[in-house]
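Listing of query.txt; format and content: compact mmCIF, C-alpha atoms.
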# COMPACT_ATOMS: atom_id res chain seq x y z
CA MET A 113 -57.08 123.25 -81.41
CA ASN A 114 -53.92 125.42 -81.55
CA LYS A 115 -50.50 124.43 -80.28
CA ARG A 116 -50.75 126.66 -77.22
CA PHE A 117 -53.89 124.89 -76.06
CA ALA A 118 -52.27 121.50 -76.71
CA TYR A 119 -49.29 122.55 -74.56
CA LEU A 120 -51.71 123.63 -71.83
CA ILE A 121 -53.34 120.19 -71.93
CA VAL A 122 -50.01 118.39 -71.65
CA GLY A 123 -48.83 120.73 -68.88
CA ALA A 124 -52.08 120.17 -66.98
CA MET A 125 -51.63 116.41 -67.23
CA VAL A 126 -48.03 116.53 -65.93
CA LEU A 127 -48.90 118.96 -63.14
CA GLY A 128 -51.93 116.90 -62.16
CA VAL A 129 -49.81 113.74 -61.86
CA LEU A 130 -47.18 115.56 -59.76
CA VAL A 131 -49.71 117.20 -57.43
CA GLY A 132 -51.65 113.95 -57.01
CA TRP A 133 -48.44 112.02 -56.28
CA GLY A 134 -47.39 114.65 -53.72
CA CYS A 135 -50.73 114.43 -51.92
CA ASN A 136 -50.58 110.62 -51.96
CA GLN A 137 -47.01 110.51 -50.62
CA PHE A 138 -46.88 113.30 -48.07
CA LEU A 139 -50.41 113.30 -46.65
CA ASP A 140 -52.13 110.61 -44.62
CA ALA A 141 -55.12 108.80 -46.07
CA GLU A 142 -57.61 111.28 -44.60
CA GLY A 143 -55.59 114.28 -45.81
CA ALA A 144 -55.23 112.85 -49.31
CA LYS A 145 -58.96 112.20 -49.45
CA SER A 146 -59.68 115.76 -48.33
CA ALA A 147 -57.29 117.20 -50.93
CA ALA A 148 -58.90 115.04 -53.63
CA SER A 149 -62.33 116.29 -52.58
CA GLY A 150 -61.19 119.90 -52.90
CA LEU A 151 -59.62 119.30 -56.31
CA SER A 152 -62.69 117.49 -57.57
CA LEU A 153 -64.68 120.73 -57.16
CA ILE A 154 -63.08 122.00 -60.38
CA THR A 155 -63.96 118.80 -62.20
CA ASP A 156 -67.52 118.91 -60.85
CA ILE A 157 -68.04 122.44 -62.20
CA PHE A 158 -66.70 121.43 -65.60
CA LEU A 159 -68.99 118.39 -65.73
CA ARG A 160 -72.01 120.46 -64.71
CA LEU A 161 -71.23 122.86 -67.54
CA ILE A 162 -71.14 119.96 -70.01
CA LYS A 163 -74.41 118.64 -68.62
CA MET A 164 -75.87 122.14 -69.05
CA ILE A 165 -75.27 122.15 -72.82
CA ILE A 166 -76.30 118.57 -73.69
CA ALA A 167 -80.04 119.06 -74.30
CA PRO A 168 -79.99 122.27 -76.42
CA LEU A 169 -76.90 121.09 -78.28
CA VAL A 170 -78.39 117.74 -79.32
CA PHE A 171 -81.75 119.26 -80.24
CA THR A 172 -80.49 122.14 -82.38
CA THR A 173 -77.72 120.27 -84.22
CA LEU A 174 -79.86 117.21 -84.94
CA VAL A 175 -82.88 119.19 -86.18
CA ALA A 176 -80.67 121.32 -88.43
CA GLY A 177 -78.89 118.25 -89.79
CA ILE A 178 -82.07 116.29 -90.55
CA ALA A 179 -83.76 119.31 -92.12
CA HIS A 180 -80.92 119.52 -94.64
CA MET A 181 -80.87 115.80 -95.36
CA GLU A 182 -83.30 116.37 -98.24
CA ASP A 183 -80.27 117.70 -100.10
CA ALA A 184 -78.82 114.18 -99.95
CA ALA A 185 -82.15 112.64 -101.00
CA ALA A 186 -82.29 114.99 -103.99
CA VAL A 187 -79.08 113.50 -105.33
CA GLY A 188 -80.82 110.13 -105.09
CA ARG A 189 -78.58 107.21 -105.63
CA ILE A 190 -75.33 108.83 -104.44
CA GLY A 191 -76.93 110.01 -101.20
CA ALA A 192 -78.36 106.56 -100.46
CA LYS A 193 -75.05 104.80 -101.08
CA THR A 194 -73.16 107.36 -99.02
CA LEU A 195 -75.48 107.06 -96.03
CA GLY A 196 -75.49 103.27 -96.37
CA TRP A 197 -71.70 103.20 -96.09
CA PHE A 198 -71.80 105.60 -93.14
CA ILE A 199 -74.28 103.45 -91.21
CA GLY A 200 -72.28 100.29 -91.89
CA ALA A 201 -68.97 101.89 -90.89
CA SER A 202 -70.55 103.34 -87.74
CA ALA A 203 -71.93 99.94 -86.72
CA VAL A 204 -68.55 98.27 -87.27
CA SER A 205 -66.75 100.97 -85.25
CA LEU A 206 -69.14 100.73 -82.32
CA LEU A 207 -69.09 96.93 -82.30
CA LEU A 208 -65.30 96.80 -82.58
CA GLY A 209 -64.93 99.11 -79.57
CA LEU A 210 -67.27 96.87 -77.57
CA LEU A 211 -65.45 93.67 -78.53
CA MET A 212 -61.98 95.09 -77.85
CA VAL A 213 -62.87 96.48 -74.42
CA HIS A 214 -64.27 93.06 -73.45
CA LEU A 215 -61.16 91.36 -74.77
CA LEU A 216 -58.64 93.68 -73.07
CA GLN A 217 -60.61 94.46 -69.85
CA PRO A 218 -58.70 97.74 -69.17
CA GLY A 219 -60.93 98.72 -66.23
CA HIS A 220 -61.08 95.30 -64.59
CA GLY A 221 -59.94 95.16 -60.97
CA LEU A 222 -60.17 98.88 -60.11
CA HIS A 223 -63.17 98.41 -57.78
CA LEU A 224 -64.09 102.11 -57.66
CA VAL A 225 -67.71 101.38 -56.75
CA GLU A 226 -67.48 102.12 -53.03
CA ALA A 227 -65.72 105.46 -53.58
CA ALA A 228 -67.91 106.69 -56.42
CA VAL A 229 -71.39 105.35 -55.75
CA SER A 230 -73.11 106.30 -52.59
CA SER A 231 -76.47 107.82 -53.41
CA LYS A 232 -77.10 106.30 -56.86
CA PRO A 233 -76.22 102.60 -57.06
CA ALA A 234 -75.16 101.01 -60.34
CA ALA A 235 -77.84 98.35 -59.85
CA THR A 236 -80.37 100.69 -61.47
CA THR A 237 -79.28 99.28 -64.84
CA GLU A 238 -80.98 95.99 -64.00
CA ALA A 239 -84.36 97.61 -64.56
CA PHE A 240 -83.45 98.34 -68.18
CA THR A 241 -85.82 96.05 -70.12
CA LEU A 242 -87.16 95.96 -73.69
CA LYS A 243 -90.56 97.25 -72.61
CA GLY A 244 -88.99 100.00 -70.54
CA PHE A 245 -86.72 100.97 -73.43
CA ILE A 246 -89.56 101.23 -75.98
CA THR A 247 -91.80 103.14 -73.55
CA HIS A 248 -88.96 105.43 -72.61
CA LEU A 249 -88.40 106.38 -76.26
CA VAL A 250 -91.43 108.67 -76.40
CA PRO A 251 -91.33 111.78 -74.21
CA THR A 252 -94.44 112.88 -72.39
CA SER A 253 -93.08 116.43 -72.53
CA ILE A 254 -90.03 117.70 -74.41
CA PHE A 255 -89.45 120.27 -71.67
CA ASP A 256 -89.41 117.54 -69.04
CA ALA A 257 -87.02 115.50 -71.21
CA MET A 258 -84.68 118.47 -71.58
CA ALA A 259 -84.84 119.30 -67.89
CA LYS A 260 -83.80 115.74 -67.04
CA ASN A 261 -81.34 115.41 -69.95
CA GLU A 262 -83.23 112.39 -71.27
CA ILE A 263 -81.07 112.13 -74.35
CA LEU A 264 -83.02 109.47 -76.26
CA GLN A 265 -86.32 111.29 -75.83
CA ILE A 266 -84.70 114.50 -77.08
CA VAL A 267 -83.37 112.60 -80.11
CA VAL A 268 -86.83 111.18 -80.92
CA PHE A 269 -88.46 114.62 -80.68
CA SER A 270 -85.66 116.10 -82.81
CA LEU A 271 -86.20 113.42 -85.47
CA PHE A 272 -89.89 114.36 -85.71
CA VAL A 273 -89.19 118.11 -85.87
CA GLY A 274 -86.33 117.80 -88.36
CA THR A 275 -88.31 115.46 -90.63
CA ALA A 276 -91.34 117.77 -90.51
CA VAL A 277 -89.23 120.78 -91.46
CA ALA A 278 -87.64 118.88 -94.36
CA ALA A 279 -91.07 117.70 -95.57
CA LEU A 280 -92.48 121.23 -95.86
CA ASP A 281 -92.38 122.73 -99.35
CA ASP A 282 -90.66 125.91 -98.24
CA LYS A 283 -88.76 124.13 -95.41
CA ALA A 284 -90.04 126.78 -92.93
CA PRO A 285 -87.06 129.07 -93.62
CA GLN A 286 -87.54 131.24 -90.54
CA VAL A 287 -87.72 128.24 -88.21
CA LEU A 288 -84.78 126.52 -89.90
CA HIS A 289 -82.74 129.70 -89.77
CA LEU A 290 -83.54 130.10 -86.07
CA VAL A 291 -82.54 126.50 -85.31
CA GLU A 292 -79.30 126.90 -87.26
CA GLN A 293 -78.50 130.12 -85.40
CA CYS A 294 -79.24 128.42 -82.07
CA ALA A 295 -76.99 125.54 -83.09
CA GLN A 296 -74.18 127.99 -83.87
CA ILE A 297 -74.68 129.67 -80.50
CA MET A 298 -74.54 126.33 -78.69
CA LEU A 299 -71.40 125.35 -80.58
CA LYS A 300 -69.82 128.62 -79.46
CA VAL A 301 -70.93 127.98 -75.86
CA THR A 302 -69.42 124.51 -76.11
CA GLY A 303 -66.16 126.08 -77.26
CA PHE A 304 -66.17 128.35 -74.20
CA VAL A 305 -66.80 125.40 -71.88
CA MET A 306 -64.03 123.34 -73.46
CA LYS A 307 -61.51 126.10 -72.79
CA LEU A 308 -61.76 124.99 -69.16
CA ALA A 309 -60.59 121.49 -70.15
CA PRO A 310 -56.96 121.97 -68.95
CA LEU A 311 -58.15 122.91 -65.45
CA ALA A 312 -60.56 119.98 -65.36
CA ILE A 313 -57.88 117.57 -66.59
CA PHE A 314 -55.45 118.78 -63.93
CA ALA A 315 -58.04 118.38 -61.18
CA ALA A 316 -59.25 114.98 -62.41
CA LEU A 317 -55.75 113.49 -62.60
CA ALA A 318 -54.59 115.02 -59.31
CA SER A 319 -57.71 113.86 -57.48
CA THR A 320 -57.52 110.31 -58.86
CA ILE A 321 -53.81 109.82 -58.17
CA ALA A 322 -54.07 111.40 -54.70
CA THR A 323 -56.44 108.62 -53.65
CA GLN A 324 -55.36 105.74 -55.92
CA GLY A 325 -51.58 106.37 -56.10
CA LEU A 326 -49.26 106.16 -59.10
CA ALA A 327 -50.50 102.62 -59.74
CA MET A 328 -53.43 104.33 -61.48
CA LEU A 329 -51.01 105.38 -64.23
CA GLY A 330 -50.63 101.71 -65.12
CA THR A 331 -54.39 101.46 -65.59
CA TYR A 332 -54.39 104.58 -67.75
CA ALA A 333 -51.54 103.16 -69.82
CA LYS A 334 -53.52 99.95 -70.36
CA PHE A 335 -56.59 101.98 -71.31
CA VAL A 336 -54.71 104.23 -73.78
CA LEU A 337 -52.73 101.38 -75.37
CA GLY A 338 -55.87 99.26 -75.58
CA PHE A 339 -57.73 102.04 -77.38
CA TYR A 340 -54.90 102.57 -79.85
CA GLY A 341 -54.80 98.82 -80.43
CA ALA A 342 -58.54 98.88 -81.20
CA MET A 343 -58.01 101.90 -83.45
CA ALA A 344 -55.21 100.11 -85.34
CA THR A 345 -57.61 97.22 -85.91
CA LEU A 346 -60.19 99.66 -87.30
CA TRP A 347 -57.57 101.14 -89.64
CA ALA A 348 -56.77 97.63 -90.87
CA LEU A 349 -60.47 96.94 -91.50
CA LEU A 350 -60.82 100.24 -93.39
CA PHE A 351 -57.82 99.35 -95.54
CA VAL A 352 -59.21 95.88 -96.28
CA ALA A 353 -62.60 97.37 -97.19
CA ALA A 354 -60.90 99.95 -99.43
CA PHE A 355 -58.77 97.24 -101.07
CA VAL A 356 -61.83 95.06 -101.73
CA VAL A 357 -63.68 97.94 -103.45
CA LEU A 358 -60.80 99.90 -104.99
CA GLY A 359 -58.20 97.22 -105.57
CA LYS A 360 -54.65 98.48 -105.77
CA ARG A 361 -55.93 102.06 -105.79
CA ALA A 362 -56.25 101.73 -102.00
CA ILE A 363 -52.46 102.01 -101.61
CA PRO A 364 -52.05 105.47 -103.21
CA LEU A 365 -55.25 106.55 -101.43
CA PHE A 366 -53.71 105.88 -98.02
CA GLY A 367 -50.53 107.55 -99.27
CA VAL A 368 -52.19 110.89 -100.05
CA ILE A 369 -54.27 111.00 -96.85
CA ARG A 370 -51.20 110.43 -94.68
CA GLU A 371 -50.50 114.15 -94.33
CA PRO A 372 -54.11 115.15 -93.45
CA ALA A 373 -54.26 112.29 -90.93
CA LEU A 374 -51.00 113.44 -89.30
CA LEU A 375 -52.33 117.00 -89.18
CA ALA A 376 -55.54 115.79 -87.49
CA PHE A 377 -53.47 113.71 -85.04
CA SER A 378 -51.13 116.57 -84.07
CA THR A 379 -53.93 119.12 -83.65
CA ALA A 380 -56.52 116.69 -82.20
CA SER A 381 -58.98 118.17 -84.70
CA SER A 382 -60.32 116.41 -87.79
CA GLU A 383 -61.73 119.76 -88.98
CA ALA A 384 -58.18 121.12 -89.30
CA ALA A 385 -57.48 118.48 -91.96
CA TYR A 386 -60.63 119.17 -94.01
CA PRO A 387 -59.04 121.52 -96.60
CA ARG A 388 -56.13 119.10 -97.06
CA ILE A 389 -58.48 116.18 -97.78
CA LEU A 390 -60.41 118.24 -100.33
CA ASP A 391 -57.12 118.91 -102.10
CA SER A 392 -55.63 115.41 -101.71
CA LEU A 393 -58.44 113.07 -102.83
CA PRO A 394 -58.65 114.40 -106.43
CA LYS A 395 -54.95 113.47 -106.75
CA VAL A 396 -55.95 109.80 -106.65
CA GLY A 397 -58.81 110.22 -109.11
CA VAL A 398 -61.77 110.94 -106.80
CA ARG A 399 -63.80 113.58 -108.61
CA ARG A 400 -64.16 116.80 -106.71
CA ARG A 401 -67.95 116.82 -106.92
CA ILE A 402 -68.02 113.47 -105.07
CA VAL A 403 -65.52 114.74 -102.51
CA SER A 404 -67.51 117.94 -101.98
CA PHE A 405 -70.68 115.92 -101.41
CA VAL A 406 -69.40 113.03 -99.26
CA LEU A 407 -66.99 114.86 -96.93
CA PRO A 408 -69.46 117.37 -95.41
CA LEU A 409 -71.90 114.52 -94.75
CA GLY A 410 -69.06 112.42 -93.38
CA TYR A 411 -68.01 115.11 -90.94
CA SER A 412 -71.55 115.05 -89.58
CA PHE A 413 -72.46 111.37 -89.78
CA ASN A 414 -69.30 109.27 -90.14
CA LEU A 415 -66.85 109.83 -87.28
CA ASP A 416 -65.54 106.27 -86.98
CA GLY A 417 -62.81 106.99 -84.44
CA SER A 418 -65.16 108.91 -82.15
CA MET A 419 -67.74 106.14 -82.18
CA LEU A 420 -65.16 103.45 -81.43
CA TYR A 421 -64.02 105.59 -78.48
CA CYS A 422 -67.57 106.02 -77.19
CA THR A 423 -68.10 102.28 -76.69
CA PHE A 424 -64.54 101.64 -75.51
CA ALA A 425 -64.54 104.45 -72.94
CA THR A 426 -68.12 103.87 -71.75
CA MET A 427 -67.46 100.18 -71.06
CA PHE A 428 -64.09 101.02 -69.45
CA ILE A 429 -65.87 103.33 -66.99
CA MET A 430 -68.45 100.66 -66.22
CA GLN A 431 -65.76 97.98 -65.75
CA ALA A 432 -63.88 100.23 -63.34
CA HIS A 433 -67.01 100.73 -61.24
CA GLY A 434 -68.15 97.12 -61.29
CA VAL A 435 -71.20 97.67 -63.52
CA HIS A 436 -72.18 94.63 -65.57
CA LEU A 437 -74.54 94.96 -68.53
CA THR A 438 -76.46 92.09 -70.08
CA ILE A 439 -76.12 91.36 -73.81
CA GLN A 440 -79.50 93.00 -74.36
CA GLN A 441 -78.42 96.13 -72.52
CA GLN A 442 -75.17 96.32 -74.50
CA ILE A 443 -77.11 96.08 -77.79
CA PHE A 444 -79.35 98.91 -76.63
CA MET A 445 -76.24 100.90 -75.69
CA LEU A 446 -74.86 100.46 -79.21
CA LEU A 447 -78.15 101.67 -80.71
CA LEU A 448 -78.21 104.64 -78.34
CA LEU A 449 -74.62 105.60 -79.22
CA MET A 450 -75.34 105.15 -82.93
CA VAL A 451 -78.13 107.74 -82.78
CA THR A 452 -76.69 110.22 -80.27
CA SER A 453 -73.28 110.31 -81.97
CA LYS A 454 -75.01 111.54 -85.14
CA GLY A 455 -76.66 114.39 -83.25
CA ILE A 456 -73.57 116.24 -82.09
CA ALA A 457 -70.86 115.25 -84.53
CA GLY A 458 -68.32 118.02 -85.11
CA VAL A 459 -68.74 119.43 -81.61
CA PRO A 460 -65.44 119.96 -79.73
CA ARG A 461 -64.91 116.98 -77.42
CA ALA A 462 -68.26 115.62 -78.59
CA SER A 463 -67.35 112.15 -77.36
CA LEU A 464 -67.37 113.35 -73.74
CA VAL A 465 -70.89 114.72 -74.20
CA VAL A 466 -72.09 111.45 -75.78
CA ILE A 467 -70.52 109.29 -73.06
CA MET A 468 -71.96 111.44 -70.27
CA ALA A 469 -75.42 111.28 -71.86
CA THR A 470 -75.12 107.48 -72.09
CA LEU A 471 -74.14 107.15 -68.43
CA THR A 472 -77.06 109.36 -67.43
CA TYR A 473 -79.47 107.33 -69.53
CA PHE A 474 -78.42 104.14 -67.77
CA GLY A 475 -79.00 105.76 -64.38
CA LEU A 476 -75.28 106.07 -63.59
CA PRO A 477 -73.58 109.18 -62.15
CA GLU A 478 -72.32 111.46 -64.92
CA ALA A 479 -69.37 112.33 -62.66
CA TRP A 480 -67.88 108.94 -63.50
CA ILE A 481 -66.65 110.43 -66.78
CA ALA A 482 -63.89 112.13 -64.76
CA LEU A 483 -62.11 108.77 -64.88
CA VAL A 484 -61.27 109.24 -68.59
CA LEU A 485 -61.09 113.03 -68.60
CA GLY A 486 -57.40 113.11 -67.65
CA VAL A 487 -56.22 111.17 -70.71
CA ASP A 488 -58.95 112.23 -73.14
CA HIS A 489 -56.63 114.51 -75.13
CA LEU A 490 -54.22 111.67 -75.88
CA LEU A 491 -57.13 109.65 -77.24
CA ASP A 492 -58.68 112.62 -79.06
CA MET A 493 -55.57 112.80 -81.23
CA GLY A 494 -56.01 109.21 -82.38
CA ARG A 495 -59.74 109.37 -82.97
CA SER A 496 -59.41 112.63 -84.97
CA ALA A 497 -56.92 110.96 -87.33
CA THR A 498 -59.22 107.94 -87.63
CA ASN A 499 -62.16 110.19 -88.53
CA VAL A 500 -60.09 111.62 -91.39
CA VAL A 501 -59.15 108.15 -92.69
CA GLY A 502 -62.74 106.89 -92.44
CA ASN A 503 -64.20 109.81 -94.39
CA SER A 504 -61.47 109.65 -97.05
CA VAL A 505 -62.13 105.93 -97.63
CA ALA A 506 -65.88 106.63 -97.78
CA ALA A 507 -65.41 109.28 -100.50
CA ALA A 508 -63.22 106.98 -102.61
CA VAL A 509 -65.60 104.01 -102.22
CA VAL A 510 -68.67 106.04 -103.21
CA ALA A 511 -66.76 107.42 -106.21
CA LYS A 512 -65.92 103.87 -107.29
CA TRP A 513 -69.52 102.71 -106.90
CA GLU A 514 -70.73 105.64 -109.01
CA GLY A 515 -68.08 105.25 -111.71
CA GLU A 516 -66.65 108.61 -110.69
CA LEU A 517 -63.15 107.34 -109.96
CA GLU A 518 -60.91 108.72 -112.67
CA ASP A 519 -57.52 107.51 -113.78
CA MET A 520 -54.83 108.81 -111.46
CA PRO A 521 -53.14 111.97 -112.75
CA GLU A 522 -49.56 111.48 -113.79
CA ALA A 523 -47.09 112.41 -111.09
CA GLU A 524 -45.28 115.68 -111.64
CA PRO A 525 -41.49 115.41 -111.96
CA ALA A 526 -39.68 115.98 -108.71
Translate the structure of the given file into structure tokens.
Amino acid sequence: MNKRFAYLIVGAMVLGVLVGWGCNQFLDAEGAKSAASGLSLITDIFLRLIKMIIAPLVFTTLVAGIAHMEDAAAVGRIGAKTLGWFIGASAVSLLLGLLMVHLLQPGHGLHLVEAAVSSKPAATTEAFTLKGFITHLVPTSIFDAMAKNEILQIVVFSLFVGTAVAALDDKAPQVLHLVEQCAQIMLKVTGFVMKLAPLAIFAALASTIATQGLAMLGTYAKFVLGFYGAMATLWALLFVAAFVVLGKRAIPLFGVIREPALLAFSTASSEAAYPRILDSLPKVGVRRRIVSFVLPLGYSFNLDGSMLYCTFATMFIMQAHGVHLTIQQQIFMLLLLMVTSKGIAGVPRASLVVIMATLTYFGLPEAWIALVLGVDHLLDMGRSATNVVGNSVAAAVVAKWEGELEDMPEAEPA
């Protein structure tokens, strides 16, 4: 994301707050509601565009990723240890987001249910049982699943197709090439859709504040600060894990990844920091062949900040609308996010797509995601930096496990 686009995002947020405040102050309740309805048209179009890309995006990226996973299996031990760390870190990130959102309750007391739910009540989540979940895993038709954006069924079908392609001796090169090309096309389409984000952010903020008033800014502040508090906790856990495995080498490790993390934070893009990480990690003794193997996998399967945000934001939305999930349902949600987040990692604003798919799966209106859309950029900065830190720690840990962590090069004279 370039600076111009970042300025557009910030400008859209400020303008949205001002327009929403003006409508709330100078119009009566009916007028403010009418203005909010008109503004929400922009947000609705944006959300429909996101919904449009979910099914082909998940299918193509997941099939392509799984088909190439044999490369990791070919390296044997290193691939297994790398993926083991990724799965563990992902589980911790998702669980931490869930625990922190329950502890802080950022969406508690908003009572948006009456305004947002009219035709599709939140009570549909009560029918979510173990038997229903297992039965729902298997699609009767992949075309029906795609038409209804049944994300979990698409994931299951993609797992079968990707595994079958990887198991073939020649890996079906024409099919794999076609899937990869389709994935590239969908990523480009996603980029086009995300260019409308400033307009959608403006409309979402203006519409919300027009009806809820400036008091809503307090809720957003609690949400943003709560997420950054959860993210700081994750950073602390990553440092402790690095210190346990690497010892005192963890301190220079966090020193050299400071610049890439700041770059990811300022650009809200972990991809922008990728070349810097490749250059920085060998400075603390991580062999380049380990870095070159772990980082590409990490950018596809180990986005710790994004996964923490998925649980935190999803539960915030549900709290704001008075939706209560049982422990069993929350465990299923974690499993669903664990799988779906692997399918579209690296996609611009992928977290929004994952959260919308989760809401849809639970029978909740996907339009509810507009509640977090207005402040998503502020949170995207933090989760991008966290993704960089998580992948850097993973590379150093795997290098240590494999005996590939060299002595640190001597510092050059200043």
List as an MDAnalysis selection string the protein and nucleic acid residues near range 303-318 of chain A, meaning an atom at most 10 Å away when only C-alpha atoms are counted, but skip any in the same chain fewer than 4 places from it. chainID A and resid 117:136 147:159 161:162 165 297:299 322:325 328:329 459:461 481:489
Selected residues, C-alpha atoms, written as a PDB file, in the frame of the given file, please.
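Wrote out-v7.pdb, looks like this:
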ATOM      1  CA  PHE A 117     -53.890 124.890 -76.060  1.00  0.00           C
ATOM      2  CA  ALA A 118     -52.270 121.500 -76.710  1.00  0.00           C
ATOM      3  CA  TYR A 119     -49.290 122.550 -74.560  1.00  0.00           C
ATOM      4  CA  LEU A 120     -51.710 123.630 -71.830  1.00  0.00           C
ATOM      5  CA  ILE A 121     -53.340 120.190 -71.930  1.00  0.00           C
ATOM      6  CA  VAL A 122     -50.010 118.390 -71.650  1.00  0.00           C
ATOM      7  CA  GLY A 123     -48.830 120.730 -68.880  1.00  0.00           C
ATOM      8  CA  ALA A 124     -52.080 120.170 -66.980  1.00  0.00           C
ATOM      9  CA  MET A 125     -51.630 116.410 -67.230  1.00  0.00           C
ATOM     10  CA  VAL A 126     -48.030 116.530 -65.930  1.00  0.00           C
ATOM     11  CA  LEU A 127     -48.900 118.960 -63.140  1.00  0.00           C
ATOM     12  CA  GLY A 128     -51.930 116.900 -62.160  1.00  0.00           C
ATOM     13  CA  VAL A 129     -49.810 113.740 -61.860  1.00  0.00           C
ATOM     14  CA  LEU A 130     -47.180 115.560 -59.760  1.00  0.00           C
ATOM     15  CA  VAL A 131     -49.710 117.200 -57.430  1.00  0.00           C
ATOM     16  CA  GLY A 132     -51.650 113.950 -57.010  1.00  0.00           C
ATOM     17  CA  TRP A 133     -48.440 112.020 -56.280  1.00  0.00           C
ATOM     18  CA  GLY A 134     -47.390 114.650 -53.720  1.00  0.00           C
ATOM     19  CA  CYS A 135     -50.730 114.430 -51.920  1.00  0.00           C
ATOM     20  CA  ASN A 136     -50.580 110.620 -51.960  1.00  0.00           C
ATOM     21  CA  ALA A 147     -57.290 117.200 -50.930  1.00  0.00           C
ATOM     22  CA  ALA A 148     -58.900 115.040 -53.630  1.00  0.00           C
ATOM     23  CA  SER A 149     -62.330 116.290 -52.580  1.00  0.00           C
ATOM     24  CA  GLY A 150     -61.190 119.900 -52.900  1.00  0.00           C
ATOM     25  CA  LEU A 151     -59.620 119.300 -56.310  1.00  0.00           C
ATOM     26  CA  SER A 152     -62.690 117.490 -57.570  1.00  0.00           C
ATOM     27  CA  LEU A 153     -64.680 120.730 -57.160  1.00  0.00           C
ATOM     28  CA  ILE A 154     -63.080 122.000 -60.380  1.00  0.00           C
ATOM     29  CA  THR A 155     -63.960 118.800 -62.200  1.00  0.00           C
ATOM     30  CA  ASP A 156     -67.520 118.910 -60.850  1.00  0.00           C
ATOM     31  CA  ILE A 157     -68.040 122.440 -62.200  1.00  0.00           C
ATOM     32  CA  PHE A 158     -66.700 121.430 -65.600  1.00  0.00           C
ATOM     33  CA  LEU A 159     -68.990 118.390 -65.730  1.00  0.00           C
ATOM     34  CA  LEU A 161     -71.230 122.860 -67.540  1.00  0.00           C
ATOM     35  CA  ILE A 162     -71.140 119.960 -70.010  1.00  0.00           C
ATOM     36  CA  ILE A 165     -75.270 122.150 -72.820  1.00  0.00           C
ATOM     37  CA  ILE A 297     -74.680 129.670 -80.500  1.00  0.00           C
ATOM     38  CA  MET A 298     -74.540 126.330 -78.690  1.00  0.00           C
ATOM     39  CA  LEU A 299     -71.400 125.350 -80.580  1.00  0.00           C
ATOM     40  CA  ALA A 322     -54.070 111.400 -54.700  1.00  0.00           C
ATOM     41  CA  THR A 323     -56.440 108.620 -53.650  1.00  0.00           C
ATOM     42  CA  GLN A 324     -55.360 105.740 -55.920  1.00  0.00           C
ATOM     43  CA  GLY A 325     -51.580 106.370 -56.100  1.00  0.00           C
ATOM     44  CA  MET A 328     -53.430 104.330 -61.480  1.00  0.00           C
ATOM     45  CA  LEU A 329     -51.010 105.380 -64.230  1.00  0.00           C
ATOM     46  CA  VAL A 459     -68.740 119.430 -81.610  1.00  0.00           C
ATOM     47  CA  PRO A 460     -65.440 119.960 -79.730  1.00  0.00           C
ATOM     48  CA  ARG A 461     -64.910 116.980 -77.420  1.00  0.00           C
ATOM     49  CA  ILE A 481     -66.650 110.430 -66.780  1.00  0.00           C
ATOM     50  CA  ALA A 482     -63.890 112.130 -64.760  1.00  0.00           C
ATOM     51  CA  LEU A 483     -62.110 108.770 -64.880  1.00  0.00           C
ATOM     52  CA  VAL A 484     -61.270 109.240 -68.590  1.00  0.00           C
ATOM     53  CA  LEU A 485     -61.090 113.030 -68.600  1.00  0.00           C
ATOM     54  CA  GLY A 486     -57.400 113.110 -67.650  1.00  0.00           C
ATOM     55  CA  VAL A 487     -56.220 111.170 -70.710  1.00  0.00           C
ATOM     56  CA  ASP A 488     -58.950 112.230 -73.140  1.00  0.00           C
ATOM     57  CA  HIS A 489     -56.630 114.510 -75.130  1.00  0.00           C
TER      58      HIS A 489
END
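Of the listed residues A:Tyr421, A:Arg160, A:Val267, A:Arg400, the one whose atoms come nearest to Glu478 in chain A is A:Arg160, with distances taken using all atoms listed in the file.
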For Lys260 in chain A, which residue out of A:Val356, A:Leu139, A:Ile389, A:Met164 is the nearest one, using only C-alpha atoms? A:Met164
Would you mind listing what lies within 12 Å of Gly367 in chain A as number ranges by chain, with all atoms listed in the file counted and same-chain residues fewer than 6 positions away left out? A: 351, 360-361, 373-374, 389, 392-393, 395-396, 501, 504-505
Please, could you write that set of residues out with C-alpha atoms as a compact mmCIF listing (two decimals), in the coordinates of the input?
# COMPACT_ATOMS: atom_id res chain seq x y z
CA PHE A 351 -57.82 99.35 -95.54
CA LYS A 360 -54.65 98.48 -105.77
CA ARG A 361 -55.93 102.06 -105.79
CA ALA A 373 -54.26 112.29 -90.93
CA LEU A 374 -51.00 113.44 -89.30
CA ILE A 389 -58.48 116.18 -97.78
CA SER A 392 -55.63 115.41 -101.71
CA LEU A 393 -58.44 113.07 -102.83
CA LYS A 395 -54.95 113.47 -106.75
CA VAL A 396 -55.95 109.80 -106.65
CA VAL A 501 -59.15 108.15 -92.69
CA SER A 504 -61.47 109.65 -97.05
CA VAL A 505 -62.13 105.93 -97.63
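Closest to Pro394 in chain A among A:Leu464, A:Ile199, A:Ala511, A:Leu207 is A:Ala511, based on all atoms listed in the file.
The list of residues with at least one atom within 10 Å of Ile443 in chain A, based on all atoms listed in the file and without residues fewer than 6 positions apart in the same chain, reads Leu207, Leu210, Leu437 and Leu449 of chain A.
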Of the candidates A:Ala506, A:Val406, A:Leu476, A:Ala141, which shows the shortest atom-to-atom distance to Leu358 in chain A, using all atoms listed in the file?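 For Leu358 in chain A, the nearest of the candidates is A:Ala506.
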I need the residue nearest Ala497 in chain A from this list: A:Leu415, A:Val268, A:Ala259, A:Leu390. Use only C-alpha atoms for the distance. A:Leu415
